[in-house]
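Report on the following structure.
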Amino acid sequence: MTYDLVIAGSGAAGMTAAITAARAGLKVLIVEKARWNGGTTAYSGGGLWIPNNHHQQAAGLADSVEQAETYLKNVLGNYFDPDKIAVFLSQAPEMLRFIEANSDVRTVTTAGIDYEPWRDGAAMGRSVIVPAYDNKRLGKERGRLRPQLAALTEFGGMQIGIEDIAHFVSVRKSLRSFLYSGGKLARHLFDRLFHGGTSRSVNGNALAAELLKGVLDSGVTVWNEAPLISLIRSDGRVTGVVVRHEGQHKEIEARRGVILATGGYGANRQMRLENIPMADKGWSLQPAENQGDGINLGVDAGGTLVRDNQSNAIWIPLSRMRRPDGGETIYPHMYERHKPGFIIVDAHGCRFCNDGVSYQALGNAMHEAGVDRAFIVGDRKAVREYGLGLAKPSPLPLSPFVGPHYIRKARTLEALGDQLGIDGSGLARTVAAYNLHADQGLDPEFHRGEDVYSAAMGDPAHRPNPAVGPLRTAPFYGLEIRCGELSSINGLETDTTARVIGPDGAPIDGLYAVGIDANSLFRGTYPGAGASLGPGMTFGYVAARHAAGLH
């Protein structure tokens with residue numbers, strides 16, 4: 001079998017490359033190890049960090065290539081690669097326009113601020129997200145879409161989007177929010193009855209669905225349950241692949257090259273232990289298929305796995321609930337920990353950082369402090385107002401989640417500490433010290449809510465500080481969290497066209513790596529929401545254009 005371009009993996013980077021190459025006239029094959037398409041993208045928040053994008057311009061949010069370059073120099077420091085950054089800043093806005101014109105992808109700016117807003121060059125609106133998407137548009141191919149993580153759904157698969165959260169939290173306070181939430185629930189129940197499951201995809205699941213529709217509309221051939229076995233090389237060039245498909249090993253010629261986009265190694269225990277601190281204490285949210293296949297084959301072909309990053313993963317605080325069936329549910333804490341009435345403490349019951357920082361910064365703080373087990377603590381008012389992990393806000397019930405299997409509850413902080421297995425007296429002292437200033441909206445120890453990011457992630461209706469509030473209303477609740485990964489990010493070294501390069505800096509002809517098979521452009525720093533998907537899709541676009549002879 002012969003194709004122009006073979007792409008291993010169907011996350012956002014791989015599918016963007018496929019659409020780009022197909023629209024350039026190439027015959028394209030995607031080989032995907034899993035039964036579904038979408039990779040880690042389908043589990044993610046779906047944001048793309050794209051400086052100087054056209055949605056910013058339309059919203060009147062000031063930005064420029066020069067301003068973004070200044071910001072990235074300040075964020076990356078010695079890790080700043082001027083050549084790659086220049087390609088990203090020039091091609092990212094172009095990629096976004098292209099993918100919106102050639103697929104069902106539609107994005108809007110969040111008008112949110114960068115994750116390090118105190119840096120010179122920071123701006124608003126660089127992160128764009130996709131609105132909810134009707135995945136029935138995939139027709140009979142709808143079953144190819146990777147389902148959302150069950151932990152992020154409600155009522156048997158109902159997905160909750162970024163635009164939904166404020167309404168669901170305010171369902172008891174606002175008639176508009178009550179009607180909005182009721183309408184979404186009614187649609188979900190209708191879909192379950194008449195369409196075999198939810199048809200409303202949100203966040204990264206929506207992005208994956210939109211890209212998959214674009215892939216299929218572009219005439220790309222997609223093989224599922226088709227793991228990449230080896231690369232075929234001739235005279236120093238990668239000329240094809242061997243794939244296991246339908247029970248057979250198949251050799252496929254790739255006239256223009258092979259793009260590795262298999263999603264990194266987040267589900268490979270040994271590679272996690274070799275590359276990620278405290279990996280044996282935390283968990284990964286990446287799909288089970290992400291075993292480092294692309295990276296390992298790239299190394300076998302002469303490529304180099306980069307380990308020298310500020311971080312080798314995108315960190316996320318995770319909790320674990322043990323289910324009655326003996327299984328476990330892992331939950332990523334992206335919401336409630338930022339709200340007033342919650343703090344995060346260590347095993348001594350002490351705070352160790354600004355609790356309201358970004359997930360990447362919180363993970364770095366846990367590693368720096370040597371905290372392998374931390375605990376979110378909140379009072380009754382906060383937990384019923386904002387929820388806690390898998391337990392959602394009132395009026396949804398809290399009791400099914402309380403007990404030794406998940407959330408601990410006690411009338412006093414000392415007793416809560418005993419239940420959590422931490423220093424209860426230390427916890428009581430920490431909360432008492434915190435409460436002394438919390439009524440005034442102050443946090444003299446860690447200055448939570450004084451920076452733009454933690455203030456924006458708090459509750460805008462809470463005064464005087466949206467991120468700071470006392471913990472006074474018994475009972476008190478606590479939940480153990482650990483630092484896990486949204487994804488690994490250290491991968492193969494690549495050049496400005498996404499070609500894999502060896503230790504001598506020379507590219508391997510015919511072999512590209514994108515997404516998290518390629519080493520992170522930002523080297524483990526995290527400038528803003530979508531700082532993995534934005535570069536991943538951009539260099540998928542760049543790689544495909546290079547393979548097509550357009551660069």
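Residues in the structure tokens are numbered from 1 in each chain, the chains being A, B, ... in the order shown, and ligands are numbered from 1 in the order shown.
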
Find the spatial neighbours of stretch 112-129 of chain A, counting only C-alpha atoms, within a cut-off of 7 Å - ignore same-chain residues fewer than 2 positions away - and output them as a list in words.
Gly46, Gly47, Leu48, Trp49, Ile50, Pro51, Asn52, Asn53, Gln56, Leu61, Asp63, Gln67, Ala68, Thr70, Tyr71, Asn74, Thr107, Val108, Thr109, Thr110, Pro131, Ser358, Val452, Tyr453, Pro527, Gly528, Ala529 and Gly530 of chain A

Those same residues - N, CA and C atoms - I'd like them written as a tab-separated table (two decimals), in the first residue's frame.
```tsv
chain	number	residue	atom	x	y	z
A	46	GLY	N	-9.42	21.61	26.00
A	46	GLY	CA	-9.62	22.01	24.60
A	46	GLY	C	-9.18	23.41	24.26
A	47	GLY	N	-8.48	24.09	25.17
A	47	GLY	CA	-8.01	25.43	24.86
A	47	GLY	C	-6.77	25.42	23.99
A	48	LEU	N	-6.62	26.47	23.18
A	48	LEU	CA	-5.45	26.65	22.32
A	48	LEU	C	-4.83	28.00	22.65
A	49	TRP	N	-3.53	27.99	22.96
A	49	TRP	CA	-2.84	29.26	23.23
A	49	TRP	C	-2.26	29.76	21.92
A	50	ILE	N	-2.88	30.78	21.35
A	50	ILE	CA	-2.51	31.31	20.03
A	50	ILE	C	-2.35	32.83	20.14
A	51	PRO	N	-1.14	33.32	20.36
A	51	PRO	CA	-0.96	34.78	20.43
A	51	PRO	C	-1.33	35.47	19.13
A	52	ASN	N	-1.84	36.69	19.27
A	52	ASN	CA	-2.15	37.55	18.12
A	52	ASN	C	-3.15	36.88	17.17
A	53	ASN	N	-4.12	36.17	17.75
A	53	ASN	CA	-5.12	35.50	16.91
A	53	ASN	C	-6.23	36.46	16.47
A	56	GLN	N	-8.83	37.74	19.04
A	56	GLN	CA	-8.34	38.86	19.85
A	56	GLN	C	-8.56	40.18	19.12
A	61	LEU	N	-8.66	43.25	21.70
A	61	LEU	CA	-7.65	42.94	22.71
A	61	LEU	C	-6.27	43.07	22.08
A	63	ASP	N	-2.53	42.85	21.02
A	63	ASP	CA	-1.45	41.87	21.03
A	63	ASP	C	-0.64	42.04	19.77
A	67	GLN	N	5.06	41.54	21.19
A	67	GLN	CA	4.64	41.47	22.59
A	67	GLN	C	4.66	40.02	23.09
A	68	ALA	N	4.18	39.10	22.26
A	68	ALA	CA	4.19	37.69	22.65
A	68	ALA	C	5.62	37.17	22.78
A	70	THR	N	8.24	38.91	23.66
A	70	THR	CA	8.76	39.45	24.92
A	70	THR	C	8.27	38.61	26.09
A	71	TYR	N	6.99	38.28	26.09
A	71	TYR	CA	6.41	37.48	27.17
A	71	TYR	C	7.10	36.12	27.26
A	74	ASN	N	10.52	36.13	28.74
A	74	ASN	CA	10.48	36.28	30.19
A	74	ASN	C	10.04	34.98	30.88
A	107	THR	N	-13.65	28.59	17.06
A	107	THR	CA	-13.14	28.98	18.36
A	107	THR	C	-13.58	30.40	18.70
A	108	VAL	N	-13.56	30.66	19.99
A	108	VAL	CA	-13.86	32.01	20.50
A	108	VAL	C	-12.81	32.34	21.55
A	109	THR	N	-12.52	33.60	21.73
A	109	THR	CA	-11.57	33.99	22.76
A	109	THR	C	-12.25	33.97	24.12
A	110	THR	N	-11.49	33.53	25.13
A	110	THR	CA	-12.01	33.56	26.50
A	110	THR	C	-11.80	34.93	27.14
A	131	PRO	N	-16.76	26.29	21.37
A	131	PRO	CA	-18.07	26.12	21.99
A	131	PRO	C	-18.54	24.67	21.87
A	358	SER	N	-2.00	28.45	39.03
A	358	SER	CA	-2.37	27.53	37.96
A	358	SER	C	-1.98	26.11	38.32
A	452	VAL	N	-3.47	38.60	39.32
A	452	VAL	CA	-4.62	38.62	38.41
A	452	VAL	C	-5.18	37.22	38.21
A	453	TYR	N	-4.30	36.21	38.12
A	453	TYR	CA	-4.77	34.86	37.80
A	453	TYR	C	-5.63	34.27	38.93
A	527	PRO	N	2.84	29.08	29.67
A	527	PRO	CA	2.50	30.51	29.55
A	527	PRO	C	1.02	30.83	29.62
A	528	GLY	N	0.15	29.89	29.27
A	528	GLY	CA	-1.27	30.17	29.30
A	528	GLY	C	-2.09	28.94	28.99
A	529	ALA	N	-3.40	29.05	29.18
A	529	ALA	CA	-4.31	27.93	28.93
A	529	ALA	C	-4.23	27.51	27.46
A	530	GLY	N	-3.99	26.23	27.22
A	530	GLY	CA	-3.86	25.74	25.85
A	530	GLY	C	-2.46	25.76	25.33
```

Using only C-alpha atoms, what does the table of stretch 63-108 of chain A residues within 6 Å of stretch 206-225 of chain A look like, with each row giving the shortest atom pair and its distance in Å to one decimal, sorted by chain and ascending number, as a tab-separated table?
```
residue	atom	partner	partner_atom	distance
A:Ser103	CA	A:Gly214	CA	4.1
A:Asp104	CA	A:Glu210	CA	4.8
A:Val105	CA	A:Glu210	CA	5.1
```

Pull all heavy atoms from the residues just selected and write them as a PDB file, in the first residue's frame.
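Saved result, out.pdb, follows:
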```pdb
ATOM      1  N   SER A 103     -12.474  22.789   8.442  1.00  0.00           N
ATOM      2  CA  SER A 103     -13.042  21.771   9.320  1.00  0.00           C
ATOM      3  C   SER A 103     -14.224  22.393  10.049  1.00  0.00           C
ATOM      4  O   SER A 103     -14.572  23.554   9.814  1.00  0.00           O
ATOM      5  CB  SER A 103     -12.003  21.276  10.336  1.00  0.00           C
ATOM      6  OG  SER A 103     -11.763  22.252  11.324  1.00  0.00           O
ATOM      7  N   ASP A 104     -14.824  21.635  10.940  1.00  0.00           N
ATOM      8  CA  ASP A 104     -15.920  22.167  11.744  1.00  0.00           C
ATOM      9  C   ASP A 104     -15.433  22.938  12.967  1.00  0.00           C
ATOM     10  O   ASP A 104     -16.240  23.416  13.759  1.00  0.00           O
ATOM     11  CB  ASP A 104     -16.822  21.018  12.211  1.00  0.00           C
ATOM     12  CG  ASP A 104     -17.870  20.645  11.170  1.00  0.00           C
ATOM     13  OD1 ASP A 104     -17.698  21.019  10.000  1.00  0.00           O
ATOM     14  OD2 ASP A 104     -18.849  19.957  11.520  1.00  0.00           O
ATOM     15  N   VAL A 105     -14.123  23.064  13.145  1.00  0.00           N
ATOM     16  CA  VAL A 105     -13.585  23.775  14.305  1.00  0.00           C
ATOM     17  C   VAL A 105     -13.988  25.243  14.258  1.00  0.00           C
ATOM     18  O   VAL A 105     -13.793  25.922  13.248  1.00  0.00           O
ATOM     19  CB  VAL A 105     -12.049  23.662  14.376  1.00  0.00           C
ATOM     20  CG1 VAL A 105     -11.487  24.550  15.491  1.00  0.00           C
ATOM     21  CG2 VAL A 105     -11.626  22.217  14.600  1.00  0.00           C
TER      22      VAL A 105
END
```

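Picture a line from atom CA of A:Pro82 to atom CA of A:Arg523; it runs 13.1 Å.
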
Which residues are close to A:Asp293, i.e. within 9 Å by only C-alpha atoms, leaving aside same-chain residues fewer than 4 positions away? Reply as a list in words.
Pro227, Leu228, Ile229, Leu260, Thr262, Gly263, Gly264, Tyr265, Glu289, Leu297, Gly298 and Asp517 of chain A

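Excluding A:Val377 itself and same-chain residues fewer than 6 positions from it, the residues having an atom within 9 Å of it are Arg337, Gly341, Phe342, Ile343, Ile344, Val345, Leu471, Phe476, Tyr477, Gly478, Leu479 and Glu480 of chain A, counting only C-alpha atoms.
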
Pick out the residues sitting within 10 Å of A:Asn435, and hand them over as a ChimeraX atom specification; count only C-alpha atoms, and ignore anything fewer than 6 positions along from it in its own chain.
/A:341,429,441-443,468-472

Taking all heavy atoms for each residue, export the selection above as a tab-separated table (two decimals), in the first residue's frame.
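Dumped everything to again.tsv:
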```
chain	number	residue	atom	x	y	z
A	341	GLY	N	-13.05	29.88	50.82
A	341	GLY	CA	-13.51	28.83	51.73
A	341	GLY	C	-12.75	27.54	51.60
A	341	GLY	O	-13.05	26.57	52.30
A	429	ARG	N	-4.50	25.16	63.67
A	429	ARG	CA	-3.72	26.39	63.79
A	429	ARG	C	-3.63	27.11	62.45
A	429	ARG	O	-3.72	28.34	62.38
A	429	ARG	CB	-2.31	26.06	64.31
A	429	ARG	CG	-2.26	25.67	65.77
A	429	ARG	CD	-0.82	25.65	66.28
A	429	ARG	NE	-0.01	24.66	65.60
A	429	ARG	CZ	0.12	23.40	66.00
A	429	ARG	NH1	-0.52	22.97	67.08
A	429	ARG	NH2	0.90	22.56	65.34
A	441	GLY	N	-10.38	39.72	53.24
A	441	GLY	CA	-9.92	39.36	51.90
A	441	GLY	C	-8.42	39.37	51.76
A	441	GLY	O	-7.90	39.52	50.64
A	442	LEU	N	-7.72	39.17	52.87
A	442	LEU	CA	-6.25	39.24	52.84
A	442	LEU	C	-5.63	37.86	53.08
A	442	LEU	O	-6.18	37.02	53.80
A	442	LEU	CB	-5.76	40.21	53.92
A	442	LEU	CG	-6.26	41.65	53.79
A	442	LEU	CD1	-5.80	42.48	54.99
A	442	LEU	CD2	-5.79	42.27	52.49
A	443	ASP	N	-4.49	37.67	52.48
A	443	ASP	CA	-3.70	36.45	52.69
A	443	ASP	C	-2.25	36.88	52.80
A	443	ASP	O	-1.47	36.76	51.85
A	443	ASP	CB	-3.90	35.48	51.51
A	443	ASP	CG	-3.04	34.23	51.64
A	443	ASP	OD1	-2.58	33.92	52.75
A	443	ASP	OD2	-2.81	33.56	50.60
A	468	VAL	N	-10.42	34.57	48.43
A	468	VAL	CA	-10.14	34.35	49.85
A	468	VAL	C	-11.42	34.50	50.67
A	468	VAL	O	-12.14	35.50	50.56
A	468	VAL	CB	-9.08	35.35	50.37
A	468	VAL	CG1	-8.90	35.21	51.88
A	468	VAL	CG2	-7.75	35.11	49.66
A	469	GLY	N	-11.70	33.48	51.49
A	469	GLY	CA	-12.82	33.53	52.41
A	469	GLY	C	-12.53	32.60	53.59
A	469	GLY	O	-11.79	31.61	53.44
A	470	PRO	N	-13.09	32.89	54.77
A	470	PRO	CA	-12.77	32.08	55.95
A	470	PRO	C	-13.40	30.69	55.89
A	470	PRO	O	-14.35	30.44	55.15
A	470	PRO	CB	-13.37	32.90	57.09
A	470	PRO	CG	-14.50	33.66	56.46
A	470	PRO	CD	-14.04	33.99	55.07
A	471	LEU	N	-12.83	29.77	56.68
A	471	LEU	CA	-13.37	28.43	56.87
A	471	LEU	C	-13.91	28.36	58.29
A	471	LEU	O	-13.15	28.17	59.25
A	471	LEU	CB	-12.29	27.36	56.67
A	471	LEU	CG	-11.76	27.08	55.27
A	471	LEU	CD1	-10.85	28.20	54.78
A	471	LEU	CD2	-10.98	25.76	55.25
A	472	ARG	N	-15.24	28.54	58.45
A	472	ARG	CA	-15.80	28.63	59.81
A	472	ARG	C	-17.01	27.73	60.03
A	472	ARG	O	-17.29	27.34	61.15
A	472	ARG	CB	-16.23	30.07	60.09
A	472	ARG	CG	-15.09	31.02	60.34
A	472	ARG	CD	-15.52	32.18	61.22
A	472	ARG	NE	-14.39	33.06	61.48
A	472	ARG	CZ	-14.10	34.13	60.76
A	472	ARG	NH1	-14.86	34.47	59.73
A	472	ARG	NH2	-13.06	34.88	61.06
```

Which of stretch 287-536 of chain A counts as strand (DSSP E or B) under DSSP, as JSON, numbers by chain please?
{"A": [305, 313, 314, 315, 316, 317, 318, 319, 320, 321, 322, 328, 329, 330, 331, 332, 342, 343, 344, 345, 374, 375, 376, 377, 378, 379, 388, 391, 402, 407, 408, 409, 410, 476, 477, 478, 479, 480, 481, 482, 483, 484, 485, 486, 487, 488, 492, 494, 499, 500, 501, 507, 508, 509, 510, 511, 512, 513, 518]}

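Distances from A:Tyr406, A:Ala62, A:Ile232, A:Arg499 to A:Lys250 were compared using only C-alpha atoms, and the smallest one belongs to A:Ile232.
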
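Using only C-alpha atoms, the nearest neighbour of A:Pro464 within the list A:His437, A:Arg142, A:Arg482, A:Lys184 is A:His437.
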
Non-local contacts of stretch 486-495 of chain A (7 Å; only C-alpha atoms; under 5 positions in same chain excluded) as a VMD selection string
chain A and resid 264 to 266 284 to 286 295 303 to 307 312 to 316 500 to 501 513 516 to 520

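The closest residue to A:His167, picked from A:Phe194, A:Tyr43, A:Phe98, A:Tyr180 and counting only C-alpha atoms, is A:Tyr180.
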
Could you list, with a cut-off of 12 Å and counting only C-alpha atoms, the residues of stretch 382-432 of chain A near stretch 351-354 of chain A, each shown with its nearest atom pair and the distance in Å rounded to one decimal, rows sorted by chain and ascending number, as JSON lines?
```
{"residue": "A:Gly426", "atom": "CA", "partner": "A:Arg351", "partner_atom": "CA", "distance": 10.0}
{"residue": "A:Leu427", "atom": "CA", "partner": "A:Arg351", "partner_atom": "CA", "distance": 8.9}
{"residue": "A:Ala428", "atom": "CA", "partner": "A:Arg351", "partner_atom": "CA", "distance": 11.6}
{"residue": "A:Arg429", "atom": "CA", "partner": "A:Arg351", "partner_atom": "CA", "distance": 10.8}
{"residue": "A:Thr430", "atom": "CA", "partner": "A:Arg351", "partner_atom": "CA", "distance": 7.2}
{"residue": "A:Val431", "atom": "CA", "partner": "A:Arg351", "partner_atom": "CA", "distance": 9.3}
```

Give me a file of those residues, with N, CA, C and O atoms, as an mmCIF file, in the first residue's frame.
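That gives us result27.cif:
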```cif
data_model
loop_
_atom_site.group_PDB
_atom_site.id
_atom_site.type_symbol
_atom_site.label_atom_id
_atom_site.label_comp_id
_atom_site.auth_asym_id
_atom_site.auth_seq_id
_atom_site.Cartn_x
_atom_site.Cartn_y
_atom_site.Cartn_z
ATOM 1 N N GLY A 426 -2.124 20.944 63.842
ATOM 2 C CA GLY A 426 -1.502 21.840 62.870
ATOM 3 C C GLY A 426 -2.519 22.417 61.903
ATOM 4 O O GLY A 426 -2.462 23.604 61.546
ATOM 5 N N LEU A 427 -3.472 21.591 61.489
ATOM 6 C CA LEU A 427 -4.515 22.074 60.587
ATOM 7 C C LEU A 427 -5.359 23.141 61.270
ATOM 8 O O LEU A 427 -5.670 24.183 60.666
ATOM 9 N N ALA A 428 -5.743 22.914 62.518
ATOM 10 C CA ALA A 428 -6.551 23.901 63.242
ATOM 11 C C ALA A 428 -5.801 25.220 63.380
ATOM 12 O O ALA A 428 -6.388 26.308 63.230
ATOM 13 N N ARG A 429 -4.503 25.159 63.674
ATOM 14 C CA ARG A 429 -3.716 26.389 63.792
ATOM 15 C C ARG A 429 -3.627 27.112 62.445
ATOM 16 O O ARG A 429 -3.716 28.343 62.384
ATOM 17 N N THR A 430 -3.441 26.343 61.371
ATOM 18 C CA THR A 430 -3.333 26.949 60.047
ATOM 19 C C THR A 430 -4.626 27.673 59.680
ATOM 20 O O THR A 430 -4.598 28.818 59.193
ATOM 21 N N VAL A 431 -5.767 27.039 59.918
ATOM 22 C CA VAL A 431 -7.055 27.659 59.574
ATOM 23 C C VAL A 431 -7.308 28.875 60.450
ATOM 24 O O VAL A 431 -7.800 29.910 59.969
#
```

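Interatomic distance, atom CA of A:Ser44 against atom CA of A:Gly204: 4.7 Å.
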
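For the atom pair formed by atom CA of A:Ala267 and atom CA of A:Gln291, the distance is 5.4 Å, given to one decimal.
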
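You can rank A:Ala415, A:Ala474, A:Ala101, A:Leu398 by their closest distance to A:Arg380 using only C-alpha atoms, and at the top of that list sits A:Ala474.
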
Based on the backbone DSSP call, show me all residues of stretch 419-528 of chain A assigned alpha helix (DSSP H), as a list in words.
Gln419, Leu420, Gly424, Ser425, Gly426, Leu427, Ala428, Arg429, Thr430, Val431, Ala432, Ala433, Tyr434, Asn435, Leu436, His437, Ala438, Val452, Tyr453, Ser454, Ala455 and Ala456 of chain A

Output file for the selection above: C-alpha atoms, as a JSON list (two decimals), in the first residue's frame:
```
[["chain", "number", "residue", "atom", "x", "y", "z"],
["A", 419, "GLN", "CA", -9.54, 11.21, 59.53],
["A", 420, "LEU", "CA", -7.18, 12.44, 56.81],
["A", 424, "GLY", "CA", -5.11, 17.88, 63.16],
["A", 425, "SER", "CA", -3.70, 20.41, 65.62],
["A", 426, "GLY", "CA", -1.50, 21.84, 62.87],
["A", 427, "LEU", "CA", -4.52, 22.07, 60.59],
["A", 428, "ALA", "CA", -6.55, 23.90, 63.24],
["A", 429, "ARG", "CA", -3.72, 26.39, 63.79],
["A", 430, "THR", "CA", -3.33, 26.95, 60.05],
["A", 431, "VAL", "CA", -7.05, 27.66, 59.57],
["A", 432, "ALA", "CA", -7.16, 29.95, 62.62],
["A", 433, "ALA", "CA", -4.24, 31.98, 61.27],
["A", 434, "TYR", "CA", -5.81, 32.09, 57.80],
["A", 435, "ASN", "CA", -9.21, 33.18, 59.17],
["A", 436, "LEU", "CA", -7.67, 36.12, 61.04],
["A", 437, "HIS", "CA", -7.29, 37.98, 57.74],
["A", 438, "ALA", "CA", -9.70, 36.14, 55.42],
["A", 452, "VAL", "CA", -4.62, 38.62, 38.41],
["A", 453, "TYR", "CA", -4.77, 34.86, 37.80],
["A", 454, "SER", "CA", -5.87, 33.64, 41.24],
["A", 455, "ALA", "CA", -8.34, 36.53, 41.50],
["A", 456, "ALA", "CA", -9.85, 35.66, 38.11]]
```

For stretch 152-154 of chain A: contacts at 9 Å, only C-alpha atoms, fewer than 4 positions along chain excluded, given as a ChimeraX atom specification
/A:43,148,158-160,331-332,390

Counting only C-alpha atoms, figure out which residue out of A:Met321, A:Arg106, A:Ile330, A:Ala498 gets nearest to A:Val514.
A:Ala498
